[in-house]
>>> print(open('coords-v2.tsv').read())   # TSV, N, CA and C atoms
chain	number	residue	atom	x	y	z
A	100	MET	N	3.21	24.62	7.68
A	100	MET	CA	4.16	23.85	8.44
A	100	MET	C	5.06	23.03	7.52
A	101	ILE	N	4.48	22.43	6.47
A	101	ILE	CA	5.29	21.63	5.56
A	101	ILE	C	6.34	22.48	4.88
A	102	ASN	N	6.00	23.75	4.57
A	102	ASN	CA	6.98	24.63	3.94
A	102	ASN	C	8.15	24.89	4.86
A	103	GLU	N	7.88	25.05	6.17
A	103	GLU	CA	8.97	25.29	7.12
A	103	GLU	C	9.89	24.09	7.20
A	104	ILE	N	9.32	22.88	7.17
A	104	ILE	CA	10.14	21.67	7.20
A	104	ILE	C	10.96	21.58	5.93
A	105	THR	N	10.32	21.83	4.79
A	105	THR	CA	11.02	21.79	3.51
A	105	THR	C	12.12	22.84	3.47
A	106	LEU	N	11.80	24.06	3.89
A	106	LEU	CA	12.79	25.13	3.89
A	106	LEU	C	13.96	24.81	4.81
A	107	GLY	N	13.66	24.27	5.97
A	107	GLY	CA	14.72	23.90	6.92
A	107	GLY	C	15.63	22.83	6.35
A	108	GLY	N	15.05	21.84	5.71
A	108	GLY	CA	15.84	20.79	5.09
A	108	GLY	C	16.70	21.30	3.94
A	109	LEU	N	16.08	22.15	3.12
A	109	LEU	CA	16.84	22.73	2.01
A	109	LEU	C	17.99	23.59	2.53
A	110	LEU	N	17.71	24.38	3.55
A	110	LEU	CA	18.74	25.24	4.11
A	110	LEU	C	19.88	24.42	4.70
A	111	ALA	N	19.56	23.33	5.38
A	111	ALA	CA	20.60	22.45	5.93
A	111	ALA	C	21.44	21.85	4.80
A	112	ASP	N	20.79	21.42	3.73
A	112	ASP	CA	21.51	20.85	2.60
A	112	ASP	C	22.40	21.89	1.92
A	113	ILE	N	21.90	23.11	1.80
A	113	ILE	CA	22.68	24.19	1.19
A	113	ILE	C	23.91	24.49	2.04
A	114	HIS	N	23.74	24.53	3.36
A	114	HIS	CA	24.88	24.78	4.24
A	114	HIS	C	25.92	23.65	4.14
A	115	PHE	N	25.44	22.42	4.05
A	115	PHE	CA	26.36	21.29	3.89
A	115	PHE	C	27.16	21.43	2.60
A	116	LEU	N	26.47	21.75	1.51
A	116	LEU	CA	27.15	21.91	0.23
A	116	LEU	C	28.13	23.09	0.27
A	117	ASN	N	27.75	24.16	0.96
A	117	ASN	CA	28.66	25.31	1.10
A	117	ASN	C	29.97	24.89	1.77
A	118	LYS	N	29.89	24.06	2.79
A	118	LYS	CA	31.09	23.59	3.48
A	118	LYS	C	31.96	22.76	2.53
A	119	GLU	N	31.33	21.87	1.78
A	119	GLU	CA	32.07	21.04	0.84
A	119	GLU	C	32.72	21.90	-0.25
A	120	LEU	N	31.97	22.88	-0.75
A	120	LEU	CA	32.50	23.76	-1.78
A	120	LEU	C	33.66	24.60	-1.24
A	121	THR	N	33.53	25.07	-0.01
A	121	THR	CA	34.60	25.86	0.60
A	121	THR	C	35.89	25.05	0.69
A	122	THR	N	35.78	23.78	1.04
A	122	THR	CA	36.95	22.91	1.11
A	122	THR	C	37.65	22.84	-0.24
A	123	LEU	N	36.88	22.65	-1.29
A	123	LEU	CA	37.46	22.56	-2.64
A	123	LEU	C	38.01	23.91	-3.10
A	124	GLU	N	37.33	25.00	-2.76
A	124	GLU	CA	37.82	26.33	-3.11
A	124	GLU	C	39.18	26.60	-2.47
A	125	GLN	N	39.31	26.22	-1.22
A	125	GLN	CA	40.57	26.42	-0.52
A	125	GLN	C	41.67	25.51	-1.09
A	126	LYS	N	41.30	24.31	-1.43
A	126	LYS	CA	42.27	23.35	-1.98
A	126	LYS	C	42.84	23.83	-3.32
A	127	TYR	N	41.96	24.37	-4.18
A	127	TYR	CA	42.39	24.75	-5.52
A	127	TYR	C	42.55	26.26	-5.72
A	128	GLY	N	42.19	27.06	-4.72
A	128	GLY	CA	42.40	28.50	-4.80
A	128	GLY	C	41.51	29.22	-5.79
A	129	LEU	N	40.30	28.70	-5.99
A	129	LEU	CA	39.34	29.32	-6.89
A	129	LEU	C	37.96	29.34	-6.25
A	130	LEU	N	37.21	30.40	-6.49
A	130	LEU	CA	35.80	30.38	-6.10
A	130	LEU	C	35.06	29.38	-6.99
A	131	SER	N	34.03	28.79	-6.45
A	131	SER	CA	33.27	27.79	-7.20
A	131	SER	C	32.67	28.37	-8.48
A	132	GLU	N	32.21	29.60	-8.43
A	132	GLU	CA	31.61	30.23	-9.61
A	132	GLU	C	32.64	30.34	-10.75
A	133	VAL	N	33.87	30.72	-10.41
A	133	VAL	CA	34.93	30.84	-11.41
A	133	VAL	C	35.29	29.46	-11.95
A	134	PHE	N	35.46	28.51	-11.04
A	134	PHE	CA	35.77	27.14	-11.46
A	134	PHE	C	34.70	26.60	-12.39
A	135	TYR	N	33.43	26.73	-12.00
A	135	TYR	CA	32.34	26.12	-12.76
A	135	TYR	C	32.24	26.71	-14.16
A	136	GLU	N	32.44	28.02	-14.27
A	136	GLU	CA	32.41	28.66	-15.59
A	136	GLU	C	33.51	28.07	-16.48
A	137	TRP	N	34.70	27.92	-15.92
A	137	TRP	CA	35.83	27.33	-16.66
A	137	TRP	C	35.52	25.88	-17.02
A	138	TYR	N	35.03	25.13	-16.04
A	138	TYR	CA	34.78	23.70	-16.22
A	138	TYR	C	33.72	23.43	-17.28
A	139	THR	N	32.67	24.23	-17.32
A	139	THR	CA	31.58	24.01	-18.28
A	139	THR	C	31.96	24.41	-19.70
A	140	GLN	N	33.11	25.05	-19.86
A	140	GLN	CA	33.60	25.36	-21.20
A	140	GLN	C	34.34	24.19	-21.81
A	141	GLY	N	34.44	23.09	-21.05
A	141	GLY	CA	35.05	21.87	-21.57
A	141	GLY	C	36.53	21.75	-21.29
A	142	ASP	N	37.07	22.70	-20.57
A	142	ASP	CA	38.50	22.64	-20.25
A	142	ASP	C	38.70	21.67	-19.09
A	143	GLU	N	39.69	20.82	-19.24
A	143	GLU	CA	40.04	19.89	-18.17
A	143	GLU	C	41.56	19.80	-18.10
A	144	PRO	N	42.08	19.63	-16.90
A	144	PRO	CA	43.53	19.52	-16.78
A	144	PRO	C	44.03	18.20	-17.35
A	145	GLU	N	45.28	18.18	-17.69
A	145	GLU	CA	45.86	16.95	-18.24
A	145	GLU	C	46.07	15.90	-17.16
A	146	ASP	N	46.19	16.32	-15.93
A	146	ASP	CA	46.44	15.41	-14.82
A	146	ASP	C	45.14	14.69	-14.44
A	147	GLU	N	45.08	13.40	-14.68
A	147	GLU	CA	43.85	12.64	-14.43
A	147	GLU	C	43.51	12.52	-12.95
A	148	ILE	N	44.49	12.73	-12.09
A	148	ILE	CA	44.25	12.66	-10.65
A	148	ILE	C	43.23	13.72	-10.23
A	149	TRP	N	43.24	14.85	-10.91
A	149	TRP	CA	42.33	15.94	-10.58
A	149	TRP	C	40.90	15.69	-11.04
A	150	LEU	N	40.73	14.84	-12.02
A	150	LEU	CA	39.42	14.68	-12.65
A	150	LEU	C	38.31	14.33	-11.67
A	151	THR	N	38.60	13.47	-10.71
A	151	THR	CA	37.59	13.08	-9.72
A	151	THR	C	37.17	14.28	-8.89
A	152	ASP	N	38.15	15.02	-8.38
A	152	ASP	CA	37.83	16.22	-7.59
A	152	ASP	C	37.02	17.22	-8.40
A	153	LEU	N	37.45	17.45	-9.63
A	153	LEU	CA	36.79	18.47	-10.45
A	153	LEU	C	35.37	18.06	-10.82
A	154	ALA	N	35.16	16.80	-11.12
A	154	ALA	CA	33.81	16.32	-11.42
A	154	ALA	C	32.92	16.43	-10.18
A	155	GLU	N	33.48	16.08	-9.03
A	155	GLU	CA	32.72	16.20	-7.78
A	155	GLU	C	32.39	17.66	-7.50
A	156	TRP	N	33.37	18.53	-7.68
A	156	TRP	CA	33.19	19.96	-7.45
A	156	TRP	C	32.08	20.51	-8.33
A	157	ALA	N	32.11	20.16	-9.60
A	157	ALA	CA	31.07	20.62	-10.52
A	157	ALA	C	29.70	20.11	-10.09
A	158	GLY	N	29.63	18.85	-9.68
A	158	GLY	CA	28.36	18.28	-9.23
A	158	GLY	C	27.84	18.96	-7.97
A	159	LEU	N	28.72	19.22	-7.02
A	159	LEU	CA	28.33	19.91	-5.78
A	159	LEU	C	27.82	21.31	-6.08
A	160	TYR	N	28.52	22.01	-6.96
A	160	TYR	CA	28.12	23.37	-7.30
A	160	TYR	C	26.76	23.39	-8.00
A	161	LYS	N	26.59	22.48	-8.94
A	161	LYS	CA	25.31	22.40	-9.65
A	161	LYS	C	24.17	22.02	-8.70
A	162	SER	N	24.44	21.12	-7.78
A	162	SER	CA	23.43	20.74	-6.78
A	162	SER	C	23.06	21.93	-5.91
A	163	ARG	N	24.07	22.70	-5.48
A	163	ARG	CA	23.81	23.88	-4.66
A	163	ARG	C	22.95	24.88	-5.43
A	164	GLN	N	23.25	25.10	-6.70
A	164	GLN	CA	22.44	26.02	-7.50
A	164	GLN	C	20.99	25.56	-7.56
A	165	ARG	N	20.81	24.27	-7.76
A	165	ARG	CA	19.45	23.71	-7.85
A	165	ARG	C	18.70	23.88	-6.53
A	166	LEU	N	19.36	23.60	-5.41
A	166	LEU	CA	18.72	23.73	-4.10
A	166	LEU	C	18.39	25.18	-3.77
A	167	VAL	N	19.29	26.09	-4.10
A	167	VAL	CA	19.03	27.52	-3.85
A	167	VAL	C	17.83	27.98	-4.68
A	168	LYS	N	17.78	27.53	-5.91
A	168	LYS	CA	16.64	27.89	-6.78
A	168	LYS	C	15.33	27.36	-6.20
A	169	GLU	N	15.34	26.13	-5.72
A	169	GLU	CA	14.14	25.55	-5.11
A	169	GLU	C	13.75	26.29	-3.83
A	170	TYR	N	14.75	26.63	-3.02
A	170	TYR	CA	14.51	27.40	-1.78
A	170	TYR	C	13.84	28.73	-2.13
A	171	GLN	N	14.38	29.42	-3.11
A	171	GLN	CA	13.82	30.70	-3.53
A	171	GLN	C	12.41	30.54	-4.09
A	172	ARG	N	12.19	29.45	-4.83
A	172	ARG	CA	10.86	29.20	-5.40
A	172	ARG	C	9.83	29.03	-4.30
A	173	ILE	N	10.17	28.25	-3.28
A	173	ILE	CA	9.25	28.04	-2.17
A	173	ILE	C	8.97	29.36	-1.45
A	174	LEU	N	10.01	30.11	-1.20
A	174	LEU	CA	9.83	31.39	-0.51
A	174	LEU	C	8.92	32.33	-1.28
A	175	THR	N	9.14	32.45	-2.56
A	175	THR	CA	8.38	33.42	-3.34
A	175	THR	C	7.00	32.93	-3.75
A	176	GLN	N	6.89	31.70	-4.20
A	176	GLN	CA	5.61	31.21	-4.71
A	176	GLN	C	4.67	30.74	-3.61
A	177	GLN	N	5.19	29.98	-2.67
A	177	GLN	CA	4.31	29.38	-1.68
A	177	GLN	C	4.13	30.25	-0.45
A	178	LEU	N	5.11	31.06	-0.13
A	178	LEU	CA	5.00	31.89	1.06
A	178	LEU	C	4.81	33.37	0.74
A	179	GLY	N	4.84	33.72	-0.54
A	179	GLY	CA	4.63	35.10	-0.94
A	179	GLY	C	5.62	36.04	-0.27
A	180	MET	N	6.89	35.74	-0.41
A	180	MET	CA	7.91	36.50	0.30
A	180	MET	C	8.05	37.91	-0.26
A	181	ASP	N	7.45	38.85	0.43
A	181	ASP	CA	7.68	40.26	0.12
A	181	ASP	C	8.54	40.83	1.25
A	182	LYS	N	8.81	42.11	1.19
A	182	LYS	CA	9.70	42.73	2.17
A	182	LYS	C	9.21	42.53	3.60
A	183	GLN	N	7.94	42.73	3.86
A	183	GLN	CA	7.40	42.59	5.21
A	183	GLN	C	7.43	41.14	5.69
A	184	THR	N	7.16	40.21	4.80
A	184	THR	CA	7.20	38.79	5.18
A	184	THR	C	8.62	38.38	5.56
A	185	ILE	N	9.59	38.88	4.82
A	185	ILE	CA	10.99	38.56	5.14
A	185	ILE	C	11.36	39.14	6.50
A	186	ILE	N	10.95	40.37	6.77
A	186	ILE	CA	11.23	40.99	8.07
A	186	ILE	C	10.59	40.17	9.19
A	187	ARG	N	9.34	39.76	9.01
A	187	ARG	CA	8.66	38.93	10.03
A	187	ARG	C	9.39	37.61	10.23
A	188	ARG	N	9.86	37.02	9.15
A	188	ARG	CA	10.58	35.74	9.24
A	188	ARG	C	11.88	35.90	10.03
A	189	ILE	N	12.62	36.96	9.77
A	189	ILE	CA	13.86	37.22	10.50
A	189	ILE	C	13.56	37.44	11.98
A	190	GLN	N	12.52	38.21	12.28
A	190	GLN	CA	12.15	38.45	13.67
A	190	GLN	C	11.74	37.15	14.36
A	191	PHE	N	10.98	36.32	13.67
A	191	PHE	CA	10.57	35.03	14.23
A	191	PHE	C	11.78	34.17	14.55
A	192	GLN	N	12.72	34.11	13.62
A	192	GLN	CA	13.92	33.30	13.84
A	192	GLN	C	14.75	33.84	15.02
A	193	ARG	N	14.87	35.15	15.11
A	193	ARG	CA	15.61	35.77	16.22
A	193	ARG	C	14.96	35.42	17.56
A	194	GLN	N	13.63	35.46	17.61
A	194	GLN	CA	12.91	35.13	18.84
A	194	GLN	C	13.08	33.65	19.18
A	195	ALA	N	13.06	32.80	18.18
A	195	ALA	CA	13.23	31.36	18.39
A	195	ALA	C	14.62	31.06	18.96
A	196	ILE	N	15.62	31.75	18.46
A	196	ILE	CA	16.99	31.55	18.94
A	196	ILE	C	17.13	32.06	20.36
A	197	ALA	N	16.49	33.17	20.67
A	197	ALA	CA	16.59	33.78	21.99
A	197	ALA	C	15.87	32.96	23.06
A	198	ALA	N	14.88	32.19	22.65
A	198	ALA	CA	14.07	31.43	23.61
A	198	ALA	C	14.80	30.24	24.18
>>> encode(input="coords-v2.tsv", output="structure tokens")
Amino acid sequence: MINEITLGGLLADIHFLNKELTTLEQKYGLLSEVFYEWYTQGDEPEDEIWLTDLAEWAGLYKSRQRLVKEYQRILTQQLGMDKQTIIRRIQFQRQAIAA
């Protein structure tokens, strides 16, 4: 039960970060993965107005990566997520939504 609560919380946080990242991607016309690779090479624009957005974007992206990694860790290590377990999980969720 604790894993389900943890997974649900992580999933909610990941979805929140996805929305924030999508906003920045649309604003600057770059996927977060492309931006982050460029940003981590030390390149920064000369316009200081952008620095706050770019630092926030990098932080959001890094946070999302960390949360996804933790979500995957819980699924694989604590729940033993193999193909059949994933299928059962999807079926359970579909039944829960239908109820």
>>> select_by_dssp(input="coords-v2.tsv", residues="region 100-189 of chain A", states="helix (DSSP H, G or I)", output="PyMOL selection string")
chain A and resi 101-127+131-138+148-177+182-189
>>> atom_distance(input="coords-v2.tsv", atom1="atom C of Tyr138 (chain A)", atom2="atom N of Ala157 (chain A)")
8.5 Å
>>> closest_atom_pairs(input="coords-v2.tsv", of="region 121-194 of chain A", to="region 111-117 of chain A", cutoff="8 Å", atoms="all atoms listed in the file", output="CSV")
residue,atom,partner,partner_atom,distance
A:Thr121,N,A:Asn117,C,4.0
A:Thr122,N,A:Asn117,C,6.0
A:Leu123,N,A:Asn117,C,7.9
A:Leu159,C,A:Leu116,CA,6.4
A:Tyr160,N,A:Leu116,CA,7.3
A:Ser162,C,A:Leu116,CA,7.4
A:Arg163,CA,A:Ile113,CA,6.0
A:Gln164,N,A:Ile113,CA,8.0
A:Leu166,CA,A:Ile113,CA,6.6
A:Val167,N,A:Ile113,CA,6.6
>>> atom_distance(input="coords-v2.tsv", atom1="atom C of Thr184 (chain A)", atom2="atom C of Lys168 (chain A)")
17.5 Å
>>> closest_residue(input="coords-v2.tsv", among="A:Gln125, A:Leu106, A:Gln190, A:Phe134", to="Gly158 (chain A)", atoms="only C-alpha atoms")
A:Phe134
>>> atom_distance(input="coords-v2.tsv", atom1="atom N of Ala198 (chain A)", atom2="atom N of Gln176 (chain A)")
28.0 Å
>>> decode(input="coords-v2.tsv", residues="region 116-197 of chain A", atoms="C-alpha atoms", output="PDB file, in the first residue's frame")
ATOM      1  CA  LEU A 116       6.656  19.056 -13.868  1.00  0.00           C
ATOM      2  CA  ASN A 117       5.661  17.942 -17.374  1.00  0.00           C
ATOM      3  CA  LYS A 118       3.134  20.795 -17.540  1.00  0.00           C
ATOM      4  CA  GLU A 119       5.723  23.320 -16.364  1.00  0.00           C
ATOM      5  CA  LEU A 120       8.280  22.000 -18.839  1.00  0.00           C
ATOM      6  CA  THR A 121       5.753  22.108 -21.682  1.00  0.00           C
ATOM      7  CA  THR A 122       5.103  25.782 -20.950  1.00  0.00           C
ATOM      8  CA  LEU A 123       8.815  26.572 -21.198  1.00  0.00           C
ATOM      9  CA  GLU A 124       9.237  24.409 -24.313  1.00  0.00           C
ATOM     10  CA  GLN A 125       6.469  26.314 -26.042  1.00  0.00           C
ATOM     11  CA  LYS A 126       7.833  29.667 -24.885  1.00  0.00           C
ATOM     12  CA  TYR A 127      11.343  29.008 -26.200  1.00  0.00           C
ATOM     13  CA  GLY A 128      10.597  26.545 -29.016  1.00  0.00           C
ATOM     14  CA  LEU A 129      12.890  23.787 -27.749  1.00  0.00           C
ATOM     15  CA  LEU A 130      12.328  20.384 -26.217  1.00  0.00           C
ATOM     16  CA  SER A 131      13.618  20.207 -22.661  1.00  0.00           C
ATOM     17  CA  GLU A 132      16.116  17.474 -23.558  1.00  0.00           C
ATOM     18  CA  VAL A 133      17.681  19.674 -26.266  1.00  0.00           C
ATOM     19  CA  PHE A 134      17.698  22.725 -24.005  1.00  0.00           C
ATOM     20  CA  TYR A 135      19.231  20.852 -21.065  1.00  0.00           C
ATOM     21  CA  GLU A 136      22.038  19.383 -23.170  1.00  0.00           C
ATOM     22  CA  TRP A 137      22.884  22.882 -24.440  1.00  0.00           C
ATOM     23  CA  TYR A 138      22.539  24.436 -20.977  1.00  0.00           C
ATOM     24  CA  THR A 139      24.803  21.911 -19.238  1.00  0.00           C
ATOM     25  CA  GLN A 140      27.580  22.692 -21.717  1.00  0.00           C
ATOM     26  CA  GLY A 141      27.866  26.084 -20.026  1.00  0.00           C
ATOM     27  CA  ASP A 142      26.311  28.132 -22.791  1.00  0.00           C
ATOM     28  CA  GLU A 143      24.155  30.996 -21.606  1.00  0.00           C
ATOM     29  CA  PRO A 144      22.531  33.813 -23.525  1.00  0.00           C
ATOM     30  CA  GLU A 145      23.848  37.316 -23.157  1.00  0.00           C
ATOM     31  CA  ASP A 146      20.406  38.600 -22.201  1.00  0.00           C
ATOM     32  CA  GLU A 147      20.213  38.429 -18.395  1.00  0.00           C
ATOM     33  CA  ILE A 148      16.414  38.536 -18.488  1.00  0.00           C
ATOM     34  CA  TRP A 149      16.450  34.942 -19.722  1.00  0.00           C
ATOM     35  CA  LEU A 150      18.725  33.655 -16.977  1.00  0.00           C
ATOM     36  CA  THR A 151      15.937  33.183 -14.433  1.00  0.00           C
ATOM     37  CA  ASP A 152      13.767  31.212 -16.863  1.00  0.00           C
ATOM     38  CA  LEU A 153      16.676  29.095 -18.034  1.00  0.00           C
ATOM     39  CA  ALA A 154      17.864  28.285 -14.518  1.00  0.00           C
ATOM     40  CA  GLU A 155      14.307  27.369 -13.537  1.00  0.00           C
ATOM     41  CA  TRP A 156      13.921  25.256 -16.679  1.00  0.00           C
ATOM     42  CA  ALA A 157      17.123  23.368 -15.959  1.00  0.00           C
ATOM     43  CA  GLY A 158      16.028  22.781 -12.357  1.00  0.00           C
ATOM     44  CA  LEU A 159      12.585  21.532 -13.400  1.00  0.00           C
ATOM     45  CA  TYR A 160      14.091  19.193 -15.972  1.00  0.00           C
ATOM     46  CA  LYS A 161      16.634  17.804 -13.517  1.00  0.00           C
ATOM     47  CA  SER A 162      13.903  17.327 -10.899  1.00  0.00           C
ATOM     48  CA  ARG A 163      11.744  15.473 -13.424  1.00  0.00           C
ATOM     49  CA  GLN A 164      14.655  13.179 -14.298  1.00  0.00           C
ATOM     50  CA  ARG A 165      15.224  12.430 -10.614  1.00  0.00           C
ATOM     51  CA  LEU A 166      11.531  11.687  -9.975  1.00  0.00           C
ATOM     52  CA  VAL A 167      11.230   9.442 -13.039  1.00  0.00           C
ATOM     53  CA  LYS A 168      14.312   7.531 -11.917  1.00  0.00           C
ATOM     54  CA  GLU A 169      12.830   7.083  -8.431  1.00  0.00           C
ATOM     55  CA  TYR A 170       9.477   6.002  -9.907  1.00  0.00           C
ATOM     56  CA  GLN A 171      11.246   3.409 -12.051  1.00  0.00           C
ATOM     57  CA  ARG A 172      13.320   2.238  -9.085  1.00  0.00           C
ATOM     58  CA  ILE A 173      10.215   1.615  -6.999  1.00  0.00           C
ATOM     59  CA  LEU A 174       8.492  -0.202  -9.836  1.00  0.00           C
ATOM     60  CA  THR A 175      11.408  -2.489 -10.576  1.00  0.00           C
ATOM     61  CA  GLN A 176      12.967  -3.085  -7.166  1.00  0.00           C
ATOM     62  CA  GLN A 177      10.048  -3.017  -4.786  1.00  0.00           C
ATOM     63  CA  LEU A 178       7.247  -4.258  -7.005  1.00  0.00           C
ATOM     64  CA  GLY A 179       9.246  -6.530  -9.293  1.00  0.00           C
ATOM     65  CA  MET A 180       7.784  -5.025 -12.426  1.00  0.00           C
ATOM     66  CA  ASP A 181       7.950  -7.633 -15.136  1.00  0.00           C
ATOM     67  CA  LYS A 182       5.756  -7.812 -18.226  1.00  0.00           C
ATOM     68  CA  GLN A 183       2.878  -9.610 -16.477  1.00  0.00           C
ATOM     69  CA  THR A 184       2.949  -7.281 -13.467  1.00  0.00           C
ATOM     70  CA  ILE A 185       2.731  -4.263 -15.754  1.00  0.00           C
ATOM     71  CA  ILE A 186      -0.221  -5.799 -17.607  1.00  0.00           C
ATOM     72  CA  ARG A 187      -1.991  -6.491 -14.286  1.00  0.00           C
ATOM     73  CA  ARG A 188      -1.308  -2.920 -13.147  1.00  0.00           C
ATOM     74  CA  ILE A 189      -2.796  -1.465 -16.339  1.00  0.00           C
ATOM     75  CA  GLN A 190      -5.859  -3.708 -16.006  1.00  0.00           C
ATOM     76  CA  PHE A 191      -6.280  -2.704 -12.352  1.00  0.00           C
ATOM     77  CA  GLN A 192      -6.111   0.982 -13.245  1.00  0.00           C
ATOM     78  CA  ARG A 193      -8.619   0.541 -16.096  1.00  0.00           C
ATOM     79  CA  GLN A 194     -11.041  -1.213 -13.726  1.00  0.00           C
ATOM     80  CA  ALA A 195     -10.592   1.504 -11.100  1.00  0.00           C
ATOM     81  CA  ILE A 196     -11.392   4.203 -13.659  1.00  0.00           C
ATOM     82  CA  ALA A 197     -14.429   2.310 -14.940  1.00  0.00           C
TER      83      ALA A 197
END
